[in-house]
Amino acid sequence: MKYVYFFGGCKAEGTGEMKELLGGKGAGLAEMTRIGLPVPAGFTITTEACDHYFKHSRRYPTGLRAQVSANLKRLERVTRKTLGDAKDPLLVSVRSGSARSMPGMMETILNLGLNEKSVQGLARATGNERFAYDAFRRFVQMYSSVVIGLPKDDLEARLRALKTKLGVKDDTQVSAVGWRELVGQYKAYFREKTHKEFPEDPQEQLWGAIGAVFSSWMAEKAVTYRRVEKITGLLGTAVNVVQMVFGNSGENSGTGVCFTRDPSTGEKSFYGDFLINAQGEDVVAGIRTPMHLNEMAKLMPKVYKQLEHVRKLLETHYRDMQDMEFTVEDGTLYMLQTRVGKRTPTATFKMAVDMVREGLIAKEEALLRVKSEDIERLFYPVIDPAISRRDLTQRRLAAGINAVPGAAVGRAVFSAHEAEEWAHGGEKVILVRRETSPEDVGGMFVAQGILTATGGKSSHAAVVARGWGKCCIVGCEQLDIDYDGKLMRVNGRKVRQGDWITLDGSDGGVYEGQTSLVMPKLPEAYDTLMKWADETRRLGVRTNADTPQDSRKAREMGAEGIGLCRTEHMFFKDFEDPERSIDRQLAIQEMIVADSSEARRKALAKLLPFQRRDFIGIFKAMDGCPVTIRLIDPPLHEFVPHDRAKQEELARKIGVDVEVVARRVEQLREANPMLGHRGCRLAITYPEILEMQVRAIIEAALECQSGGVKVLPEIMHPLTLDRKELQILTDATRRVADEIIAKSGRKLHYLVGTMIELPRAALLADQVAEVAEFFSFGTNDLTQTVMGLSRDDAGRFLPDYVDEKKAGIFKDDPFQTLDTQGVGLLMKWAIERGRATRPKLKIGICGEHGGDAASVVFCHQAGMDYVSASPFRVPIARLAAAQAVIEEKLAKKSKRGGKKSRRP
Ligand code: PEP
Ligand code: MG
């Protein structure tokens with residue numbers, strides 16, 4: 001089996017298509033080599049080798065050692081240097097790289113091959129002793145922490161102490177002697193901790209590094225990152241062993257990161273950071289604040305021109321924005337990496353639409369490039385423009401680099417670990433750090449926003465936050481952060497841990513105190529792209545909305561009707577007149593406490609006008625669109641008070657003895673309420689509830705209709721079991737509705753259907769469809785009942801089922817993403833059987849899954865008519881429905897042509 005792929009001298013064994021096997025970095029290096037770009041030579045160990053390593057108790061596959069050795073020889077031939085050579089040694093970097101970018105999550109070791117002999121060779125060959133020992137100390141530090149696992153802080157403390165001793169501030173001011181002394185200290189520390197000498201043998205170094213890179217795939221932070229980012233199904237990381245080039249070999253050298261378009265705005269402008277006389281991760285780590293490419297253009301015009309050329313070439317080649325790493329060694333440009341760049345949601349939309357207009361990609365490809373998270377993040381807040389500039393100016397603490405737009409408000413917290421604690425305690429936090437590192441990712445994730453004192457737009461903090469669309473300000477150099485004292489001093493003011501601050505990620509402003517935020521204006525490209533999505537999709541998209549306000553919002557978001565109006569919410573709250581909510585609460589409570597059908601009807605009569613008013617509001621908001629209204633669903637105990645004081649108050653208000661209330665509440669107690677007296681079972685026992693609700697719906701519809709509103713009511717019964725039960729409910733519904741319609745002397749078309757939430761209803765769908773005019777899958781309950789998992793309690797142990805380091809039984813939480821294998825199988829059965837009885841049976845979904853992109857794709861494939869999602873997830877469903885069509889076409893095409901889907 002081939003585990004190693006070589007690249008160098010304009011030839012590469014791998015290609016850009018081989019991302020799964022060579023990782024993004026390996027595939028990028030191979031492809032850049034193939035198209036003639038200046039790439040240092042090297043080789044990539046495949047992700048299959050990593051997979052083998054973990055599947056066989058961390059043992060390398062047979063043949064790997066021999067293949068690495070042969071490729072190292074080849075590398076030595078191409079570079080005309082030898083690893084560990086005492087005269088002019090070959091040095092290599094050993095870097096991770098999986099098929100999906102995981103910025104900073106896995107390990108890198110630079111300058112490998114240095115030892116006491118070769119460092120002298122390097123010094124002689126370059127004529128620069130300081131440079132050689134600088135490279136050596138970096139290697140020993142990286143090797144000690146990454147491969148051996150010695151604490152980074154201990155090593156860095158030694159570096160800081162040395163600088164203090166030498167009286168210098170910057171690393172660049174340390175001499176060769178200083179670095180040699182530091183190497184000595186590191187080695188002594190190594191000996192003290194490991195009881196071994198630091199490895200001099202380059203082969204031992206190389207295998208140590210390869211093992212460390214493989215192991216980093218399963219490191220806690222990498223596993224967490226994959227979980228958070230929902231990255232699954234990868235084999236592991238590849239390992240790239242590449243000849244070192246040096247950006248730190250003098251003032252004519254440097255290292256940088258650049259993007260072919262602005263990753264924040266999406267503008268077609270060349271964008272990047274460059275650090276003179278720096279190596280490797282210095283830019284990303286954000287240790288020094290870099291210069292913009294414009295400045296670099298002035299300092300190194302020739303190299304800049306070459307880089308501009310590479311920019312055009314790579315973007316045209318990959319047909320997407322590229323994030324590139326490069327190094328300049330003594331005026332010569334080397335490309336070290338290219339990958340599809342992470343971008344803000346606004347930039348995602350802009351680039352996708354612009355690239356279609358430029359003829360670079362087709363509309364279908366543009367649609368596939370937008371993810372549901374991109375849409376969600378478009379709706380992130382900005383500082384309320386109504387806040388006076390003067391007020392803001394007075395509270396302005398400092399300004400940094402606006403790395404990721406959007407605004408955030410929270411309490412300043414100076415460590416990632418505490419940020420997590422505070423957030424779990426319900427606090428909103430802003431994580432403030434000098435710079436961030438991958439260890440901080442948990443705290444970064446829970447924070448509302450991130451603020452760092454150093455770093456540029458491509459620093460770790462910026463890259464990670466951008467991927468999440470999270471407000472982030474970097475390079476805010478006025479901050480003087482005191483981790484021990486848990487405070488920062490900034491322009492003469494103090495901010496202590498726990499103090500409120502506000503970040504404005506669009507202009508880099510940092511403000512004292514809490515500030516109100518509002519939602520941003522959508523980018524122009526959003527409308528264009530969503531229009532394309534609507535033209536492409538087959539599935540209808542409705543919304544779950546219970547109020548006129550939500551209905552209006554949902555229409556703005558593109559909803560084509562209501563798929564679920566949960567009427568019980570109206571019993572709790574008067575959304576038009578919240579002060580009067582108590583009136584309806586009392587009416588429903590009186591109905592529940594009532595001990596005769598007559599008394600219940602009396603209480604229900606009080607509820608009728610409230611329900612009717614609410615339905616009128618909803619029908620008006622949904623003028624011309626179908627509105628599915630579900631009759632009462634929750635168990636009645638949810639509506640009555642359980643503590644004595646509140647029961648006494650209720651008894652007083654409705655004029656009964658407190659014991660009557662207490663007894664009734666006790667009667668309603670159920671061991672298993674979710675499987676108890678709820679859903680349509682309430683209407684079977686208390687038909688008067690059904691009658692009141694149907695009356696409210698039909699009267700509201702008639703009133704709206706006479707006012708010129710086009711109403712399409714659909715009355716839905718929840719939690720039905722079979723045909724007989726639904727027949728009783730449908731008969732009762734039609735009796736009431738038809739009588740009211742007949743009396744009105746007008747015509748009103750309405751449908752009666754059911755939710756499919758129980759396996760029995762799904763199994764007997766052919767019979768149920770004899771009665772039901774539509775089905776709506778209530779996949780929250782259906783998941784609960786098919787899997788035997790309580791939707792209210794399973795959250796306590798479900799993480800273990802999803803965590804790949806624990807059981808890893810599910811890929812996703814089945815209450816978020818549909819279990820297409822199990823629950824989905826039953827749904828497909830119900831659709832098929834239902835339509836066998838009633839070919840035009842309207843079928844939709846209204847569980848939470850209706851707003852989950854992967855589940856929407858399933859709904860499309862299963863042949864449903866529509867999905868229904870909460871208002872803010874409506875655009876996600878619209879896009880996912882379009883993507884499902886495109887995927888389907890691509891799959892058909894590739895079946896015919898035998899090619900793989902081109903999904904990016
Ligand atoms: C469902 O069960 O999927 C559903 C939409 O109903 P609810 O969440 O109100 O039980
Ligand atoms: Mg339900």
# chains A, B, ... in the order shown; residues from 1 in each chain; ligands from 1
>>> residues_around(residues="segment 385-390 of chain A", least_positions_apart="5", cutoff="9 Å", atoms="only C-alpha atoms", output="MDAnalysis selection string")
chainID A and resid 395 515:518
>>> write_last_selection(atoms="all heavy atoms", output="tab-separated table (two decimals), in the first residue's frame")
chain	number	residue	atom	x	y	z
A	395	ARG	N	-17.50	56.35	26.19
A	395	ARG	CA	-17.25	55.02	26.76
A	395	ARG	C	-16.16	54.26	26.00
A	395	ARG	O	-15.84	53.13	26.36
A	395	ARG	CB	-18.54	54.21	26.74
A	395	ARG	CG	-19.58	54.79	27.69
A	395	ARG	CD	-20.63	53.78	28.02
A	395	ARG	NE	-21.65	53.63	27.00
A	395	ARG	CZ	-21.98	52.47	26.43
A	395	ARG	NH1	-21.34	51.39	26.74
A	395	ARG	NH2	-22.93	52.42	25.53
A	515	THR	N	-24.22	47.71	26.13
A	515	THR	CA	-24.77	48.54	25.05
A	515	THR	C	-25.87	47.73	24.37
A	515	THR	O	-25.72	46.52	24.21
A	515	THR	CB	-23.65	48.82	24.01
A	515	THR	OG1	-22.49	49.24	24.72
A	515	THR	CG2	-24.06	49.89	23.03
A	516	SER	N	-26.91	48.41	23.92
A	516	SER	CA	-27.96	47.60	23.27
A	516	SER	C	-27.57	47.33	21.82
A	516	SER	O	-26.97	48.16	21.15
A	516	SER	CB	-29.32	48.28	23.39
A	516	SER	OG	-29.42	49.31	22.46
A	517	LEU	N	-27.92	46.13	21.37
A	517	LEU	CA	-27.54	45.69	20.03
A	517	LEU	C	-28.79	45.49	19.19
A	517	LEU	O	-29.84	45.18	19.71
A	517	LEU	CB	-26.76	44.37	20.11
A	517	LEU	CG	-25.55	44.32	21.04
A	517	LEU	CD1	-24.91	42.94	21.01
A	517	LEU	CD2	-24.52	45.37	20.66
A	518	VAL	N	-28.64	45.66	17.89
A	518	VAL	CA	-29.77	45.36	16.99
A	518	VAL	C	-29.28	44.48	15.84
A	518	VAL	O	-28.09	44.36	15.60
A	518	VAL	CB	-30.40	46.66	16.40
A	518	VAL	CG1	-31.09	47.46	17.48
A	518	VAL	CG2	-29.36	47.48	15.66
>>> residues_near_ligand(ligand="ligand 1", cutoff="7 Å", atoms="only C-alpha atoms and all ligand atoms", output="PDB file with N, CA and C atoms, in the first residue's frame")
ATOM      1  N   ARG A 566     -48.986  26.314  17.326  1.00  0.00           N
ATOM      2  CA  ARG A 566     -49.278  25.584  18.568  1.00  0.00           C
ATOM      3  C   ARG A 566     -50.247  26.434  19.381  1.00  0.00           C
ATOM      4  N   ASP A 633     -52.434  20.359  22.737  1.00  0.00           N
ATOM      5  CA  ASP A 633     -51.532  19.193  22.749  1.00  0.00           C
ATOM      6  C   ASP A 633     -50.952  18.818  24.119  1.00  0.00           C
ATOM      7  N   GLU A 757     -46.969  11.347  14.802  1.00  0.00           N
ATOM      8  CA  GLU A 757     -46.002  11.466  15.898  1.00  0.00           C
ATOM      9  C   GLU A 757     -45.815  10.147  16.629  1.00  0.00           C
ATOM     10  N   PHE A 777     -45.436  15.452   9.878  1.00  0.00           N
ATOM     11  CA  PHE A 777     -44.633  14.651  10.803  1.00  0.00           C
ATOM     12  C   PHE A 777     -44.174  15.507  11.978  1.00  0.00           C
ATOM     13  N   GLY A 778     -44.599  15.121  13.159  1.00  0.00           N
ATOM     14  CA  GLY A 778     -44.125  15.779  14.369  1.00  0.00           C
ATOM     15  C   GLY A 778     -42.905  14.991  14.830  1.00  0.00           C
ATOM     16  N   THR A 779     -41.768  15.344  14.260  1.00  0.00           N
ATOM     17  CA  THR A 779     -40.587  14.488  14.458  1.00  0.00           C
ATOM     18  C   THR A 779     -39.962  14.634  15.835  1.00  0.00           C
ATOM     19  N   ASN A 780     -40.398  15.631  16.598  1.00  0.00           N
ATOM     20  CA  ASN A 780     -39.893  15.691  17.983  1.00  0.00           C
ATOM     21  C   ASN A 780     -40.462  14.503  18.750  1.00  0.00           C
ATOM     22  N   ASP A 781     -41.786  14.364  18.663  1.00  0.00           N
ATOM     23  CA  ASP A 781     -42.406  13.235  19.357  1.00  0.00           C
ATOM     24  C   ASP A 781     -42.119  11.919  18.653  1.00  0.00           C
ATOM     25  N   LEU A 782     -42.070  11.963  17.330  1.00  0.00           N
ATOM     26  CA  LEU A 782     -41.829  10.707  16.611  1.00  0.00           C
ATOM     27  C   LEU A 782     -40.435  10.153  16.953  1.00  0.00           C
ATOM     28  N   CYS A 846     -43.093  19.229  10.811  1.00  0.00           N
ATOM     29  CA  CYS A 846     -43.122  20.441  11.638  1.00  0.00           C
ATOM     30  C   CYS A 846     -42.338  20.281  12.934  1.00  0.00           C
ATOM     31  N   GLY A 847     -41.617  19.163  13.081  1.00  0.00           N
ATOM     32  CA  GLY A 847     -40.716  19.036  14.227  1.00  0.00           C
ATOM     33  C   GLY A 847     -39.516  19.950  14.012  1.00  0.00           C
ATOM     34  N   GLU A 848     -38.660  20.074  15.032  1.00  0.00           N
ATOM     35  CA  GLU A 848     -37.479  20.946  14.934  1.00  0.00           C
ATOM     36  C   GLU A 848     -36.617  20.634  13.719  1.00  0.00           C
TER      37      GLU A 848
END
>>> closest_residue(among="A:Thr720, A:Ser868, A:Ser415, A:Thr289", to="ligand 2", atoms="only C-alpha atoms and all ligand atoms")
A:Thr720
>>> closest_residue(among="A:Ser57, A:Gln767, A:Ser118, A:Thr15", to="Thr837 of chain A", atoms="only C-alpha atoms")
A:Gln767
>>> residues_around(residues="segment 190-204 of chain A", least_positions_apart="3", cutoff="9 Å", atoms="only C-alpha atoms", output="number ranges by chain")
A: 83-84, 112-117, 140, 144, 148, 150, 185-187, 207-209
>>> residues_around(residues="segment 431-439 of chain A", least_positions_apart="4", cutoff="6 Å", atoms="only C-alpha atoms", output="list in words")
Gly104, Met105, Val413, Phe414, Ala447, Ile450, Leu451, Thr452, Ala453, Thr454 and Ala461 of chain A
>>> closest_residue(among="A:Leu90, A:Ile876, A:Leu826, A:Leu631", to="ligand 2", atoms="only C-alpha atoms and all ligand atoms")
A:Leu631
>>> select_by_dssp(residues="segment 459-639 of chain A", states="strand (DSSP E)", output="PyMOL selection string")
chain A and resi 471-474+479-482+487-490+493-496+500-504+509-512+517-518+540-544+562-566+626-630
>>> residues_around(residues="Ile582 of chain A", least_positions_apart="5", cutoff="9 Å", atoms="only C-alpha atoms", output="PyMOL selection string")
chain A and resi 572-574+587
>>> write_last_selection(atoms="N, CA, C and O atoms", output="mmCIF file, in the first residue's frame")
data_model
loop_
_atom_site.group_PDB
_atom_site.id
_atom_site.type_symbol
_atom_site.label_atom_id
_atom_site.label_comp_id
_atom_site.auth_asym_id
_atom_site.auth_seq_id
_atom_site.Cartn_x
_atom_site.Cartn_y
_atom_site.Cartn_z
ATOM 1 N N PHE A 572 -51.345 30.677 27.463
ATOM 2 C CA PHE A 572 -50.417 31.223 28.464
ATOM 3 C C PHE A 572 -50.276 32.737 28.352
ATOM 4 O O PHE A 572 -50.112 33.428 29.310
ATOM 5 N N LYS A 573 -50.225 33.198 27.099
ATOM 6 C CA LYS A 573 -49.810 34.587 26.928
ATOM 7 C C LYS A 573 -50.639 35.297 25.877
ATOM 8 O O LYS A 573 -50.933 34.743 24.817
ATOM 9 N N ASP A 574 -50.985 36.550 26.193
ATOM 10 C CA ASP A 574 -51.665 37.397 25.222
ATOM 11 C C ASP A 574 -50.563 38.193 24.529
ATOM 12 O O ASP A 574 -49.986 39.107 25.105
ATOM 13 N N ALA A 587 -59.018 31.538 32.524
ATOM 14 C CA ALA A 587 -60.090 30.831 31.812
ATOM 15 C C ALA A 587 -59.707 29.378 31.577
ATOM 16 O O ALA A 587 -60.519 28.472 31.803
#
>>> atom_distance(atom1="atom CA of Val382 of chain A", atom2="atom CA of Gly406 of chain A")
5.3 Å
>>> select_by_dssp(residues="segment 451-592 of chain A", states="helix (DSSP H, G or I)", output="PyMOL selection string")
chain A and resi 460-468+524-536+548-556+569-572+578-592
>>> write_last_selection(atoms="N, CA and C atoms", output="compact mmCIF listing (two decimals), in the first residue's frame")
# COMPACT_ATOMS: atom_id res chain seq x y z
N HIS A 460 -4.68 33.47 15.19
CA HIS A 460 -5.51 32.33 15.61
C HIS A 460 -6.92 32.80 16.01
N ALA A 461 -6.95 33.85 16.85
CA ALA A 461 -8.25 34.33 17.33
C ALA A 461 -9.13 34.71 16.16
N ALA A 462 -8.56 35.44 15.19
CA ALA A 462 -9.35 35.94 14.06
C ALA A 462 -9.86 34.80 13.19
N VAL A 463 -8.98 33.85 12.91
CA VAL A 463 -9.35 32.75 12.00
C VAL A 463 -10.46 31.90 12.62
N VAL A 464 -10.26 31.55 13.88
CA VAL A 464 -11.26 30.69 14.53
C VAL A 464 -12.60 31.42 14.67
N ALA A 465 -12.53 32.66 15.13
CA ALA A 465 -13.78 33.41 15.33
C ALA A 465 -14.50 33.64 14.00
N ARG A 466 -13.75 33.87 12.96
CA ARG A 466 -14.38 34.12 11.66
C ARG A 466 -15.17 32.89 11.22
N GLY A 467 -14.57 31.73 11.44
CA GLY A 467 -15.25 30.50 11.08
C GLY A 467 -16.60 30.38 11.78
N TRP A 468 -16.66 30.94 12.96
CA TRP A 468 -17.92 30.86 13.72
C TRP A 468 -18.81 32.08 13.51
N GLU A 524 -26.70 42.74 0.20
CA GLU A 524 -27.43 42.69 -1.07
C GLU A 524 -27.36 41.28 -1.67
N ALA A 525 -26.20 40.68 -1.53
CA ALA A 525 -26.01 39.35 -2.14
C ALA A 525 -26.93 38.30 -1.51
N TYR A 526 -27.35 38.53 -0.28
CA TYR A 526 -28.24 37.57 0.38
C TYR A 526 -29.52 37.39 -0.43
N ASP A 527 -30.12 38.53 -0.79
CA ASP A 527 -31.40 38.45 -1.53
C ASP A 527 -31.21 37.75 -2.87
N THR A 528 -30.12 38.07 -3.54
CA THR A 528 -29.87 37.46 -4.85
C THR A 528 -29.74 35.95 -4.70
N LEU A 529 -28.93 35.54 -3.75
CA LEU A 529 -28.69 34.11 -3.59
C LEU A 529 -29.94 33.36 -3.14
N MET A 530 -30.70 33.99 -2.25
CA MET A 530 -31.92 33.32 -1.77
C MET A 530 -32.95 33.23 -2.89
N LYS A 531 -32.91 34.22 -3.78
CA LYS A 531 -33.82 34.17 -4.95
C LYS A 531 -33.43 32.96 -5.81
N TRP A 532 -32.16 32.78 -6.00
CA TRP A 532 -31.70 31.61 -6.77
C TRP A 532 -32.15 30.32 -6.08
N ALA A 533 -32.06 30.32 -4.75
CA ALA A 533 -32.46 29.12 -3.99
C ALA A 533 -33.94 28.84 -4.22
N ASP A 534 -34.77 29.90 -4.16
CA ASP A 534 -36.21 29.71 -4.34
C ASP A 534 -36.54 29.22 -5.75
N GLU A 535 -35.76 29.69 -6.72
CA GLU A 535 -36.00 29.25 -8.10
C GLU A 535 -35.60 27.78 -8.29
N THR A 536 -34.72 27.33 -7.43
CA THR A 536 -34.17 25.97 -7.60
C THR A 536 -34.97 24.91 -6.84
N PRO A 548 -49.21 36.55 15.61
CA PRO A 548 -49.16 37.38 14.39
C PRO A 548 -47.77 37.97 14.17
N GLN A 549 -47.08 38.34 15.28
CA GLN A 549 -45.74 38.92 15.14
C GLN A 549 -44.77 37.93 14.50
N ASP A 550 -44.76 36.71 15.03
CA ASP A 550 -43.87 35.68 14.48
C ASP A 550 -44.24 35.38 13.03
N SER A 551 -45.54 35.41 12.75
CA SER A 551 -45.99 35.11 11.39
C SER A 551 -45.46 36.16 10.42
N ARG A 552 -45.53 37.41 10.84
CA ARG A 552 -45.03 38.49 9.96
C ARG A 552 -43.53 38.33 9.75
N LYS A 553 -42.81 38.07 10.86
CA LYS A 553 -41.35 37.89 10.77
C LYS A 553 -41.04 36.75 9.80
N ALA A 554 -41.78 35.64 9.96
CA ALA A 554 -41.51 34.47 9.13
C ALA A 554 -41.74 34.76 7.66
N ARG A 555 -42.74 35.56 7.37
CA ARG A 555 -42.98 35.90 5.95
C ARG A 555 -41.82 36.71 5.41
N GLU A 556 -41.33 37.63 6.24
CA GLU A 556 -40.14 38.41 5.83
C GLU A 556 -38.98 37.47 5.52
N HIS A 569 -49.93 27.86 23.28
CA HIS A 569 -49.17 29.03 23.70
C HIS A 569 -50.09 30.22 23.94
N MET A 570 -51.19 30.21 23.21
CA MET A 570 -52.15 31.31 23.37
C MET A 570 -52.86 31.24 24.71
N PHE A 571 -52.84 30.07 25.34
CA PHE A 571 -53.48 29.96 26.65
C PHE A 571 -52.62 30.61 27.74
N PHE A 572 -51.35 30.68 27.46
CA PHE A 572 -50.42 31.22 28.46
C PHE A 572 -50.28 32.74 28.35
N PRO A 578 -49.91 41.84 26.47
CA PRO A 578 -49.34 40.94 27.48
C PRO A 578 -49.89 41.16 28.88
N GLU A 579 -50.25 42.42 29.18
CA GLU A 579 -50.78 42.73 30.52
C GLU A 579 -52.03 41.90 30.83
N ARG A 580 -52.75 41.53 29.76
CA ARG A 580 -54.02 40.84 29.98
C ARG A 580 -53.89 39.32 29.88
N SER A 581 -52.67 38.82 29.90
CA SER A 581 -52.46 37.37 29.79
C SER A 581 -53.19 36.62 30.88
N ILE A 582 -53.27 37.24 32.03
CA ILE A 582 -53.89 36.58 33.19
C ILE A 582 -55.32 36.15 32.91
N ASP A 583 -56.05 36.94 32.09
CA ASP A 583 -57.46 36.61 31.79
C ASP A 583 -57.57 35.24 31.14
N ARG A 584 -56.72 35.00 30.15
CA ARG A 584 -56.82 33.72 29.45
C ARG A 584 -56.25 32.58 30.31
N GLN A 585 -55.25 32.89 31.11
CA GLN A 585 -54.71 31.85 31.99
C GLN A 585 -55.80 31.36 32.96
N LEU A 586 -56.53 32.32 33.50
CA LEU A 586 -57.61 31.96 34.43
C LEU A 586 -58.69 31.15 33.76
N ALA A 587 -59.02 31.54 32.52
CA ALA A 587 -60.09 30.83 31.81
C ALA A 587 -59.71 29.38 31.58
N ILE A 588 -58.47 29.12 31.17
CA ILE A 588 -58.08 27.73 30.91
C ILE A 588 -57.99 26.95 32.22
N GLN A 589 -57.53 27.62 33.27
CA GLN A 589 -57.44 26.95 34.56
C GLN A 589 -58.83 26.61 35.11
N GLU A 590 -59.74 27.52 34.90
CA GLU A 590 -61.11 27.28 35.34
C GLU A 590 -61.69 26.09 34.58
N MET A 591 -61.37 26.01 33.30
CA MET A 591 -61.86 24.91 32.48
C MET A 591 -61.30 23.58 33.00
N ILE A 592 -60.03 23.59 33.38
CA ILE A 592 -59.40 22.35 33.84
C ILE A 592 -59.97 21.91 35.18
>>> closest_residue(among="A:Ala238, A:Glu48, A:Val146, A:Ser69", to="Ser98 of chain A", atoms="only C-alpha atoms")
A:Ala238
>>> residues_around(residues="Asn544 of chain A", least_positions_apart="2", cutoff="8 Å", atoms="only C-alpha atoms", output="PyMOL selection string")
chain A and resi 542+546+562-566+846+868-871
>>> atom_distance(atom1="atom CA of Gly341 of chain A", atom2="atom CA of Met321 of chain A")
5.8 Å
>>> residues_around(residues="Pro799 of chain A", least_positions_apart="6", cutoff="12 Å", atoms="only C-alpha atoms", output="PDB file with C-alpha atoms, in the first residue's frame")
ATOM      1  CA  ARG A 227     -17.515  18.076  17.587  1.00  0.00           C
ATOM      2  CA  VAL A 228     -18.284  21.775  17.635  1.00  0.00           C
ATOM      3  CA  ASP A 793     -34.414  14.131  29.736  1.00  0.00           C
ATOM      4  CA  LYS A 805     -14.299   9.702  22.160  1.00  0.00           C
ATOM      5  CA  LYS A 806     -17.004   7.989  24.206  1.00  0.00           C
ATOM      6  CA  ALA A 807     -19.623   5.758  22.676  1.00  0.00           C
ATOM      7  CA  GLY A 808     -20.039   7.586  19.359  1.00  0.00           C
ATOM      8  CA  ILE A 809     -23.269   5.674  18.705  1.00  0.00           C
ATOM      9  CA  PHE A 810     -24.978   8.563  16.924  1.00  0.00           C
ATOM     10  CA  LYS A 811     -23.390  10.920  14.462  1.00  0.00           C
ATOM     11  CA  ASP A 812     -25.695  13.700  15.594  1.00  0.00           C
ATOM     12  CA  ASP A 813     -28.196  14.393  18.309  1.00  0.00           C
ATOM     13  CA  PRO A 814     -31.355  12.763  16.870  1.00  0.00           C
ATOM     14  CA  PHE A 815     -33.497  15.575  18.280  1.00  0.00           C
TER      15      PHE A 815
END
>>> atom_distance(atom1="atom CA of Glu308 of chain A", atom2="atom CA of Gly266 of chain A")
17.4 Å
>>> closest_residue(among="A:Arg377, A:His52, A:Lys486, A:Lys620", to="Phe872 of chain A", atoms="only C-alpha atoms")
A:Arg377
>>> closest_residue(among="A:Asp731, A:Glu770, A:Met674, A:Glu418", to="ligand 2", atoms="only C-alpha atoms and all ligand atoms")
A:Met674
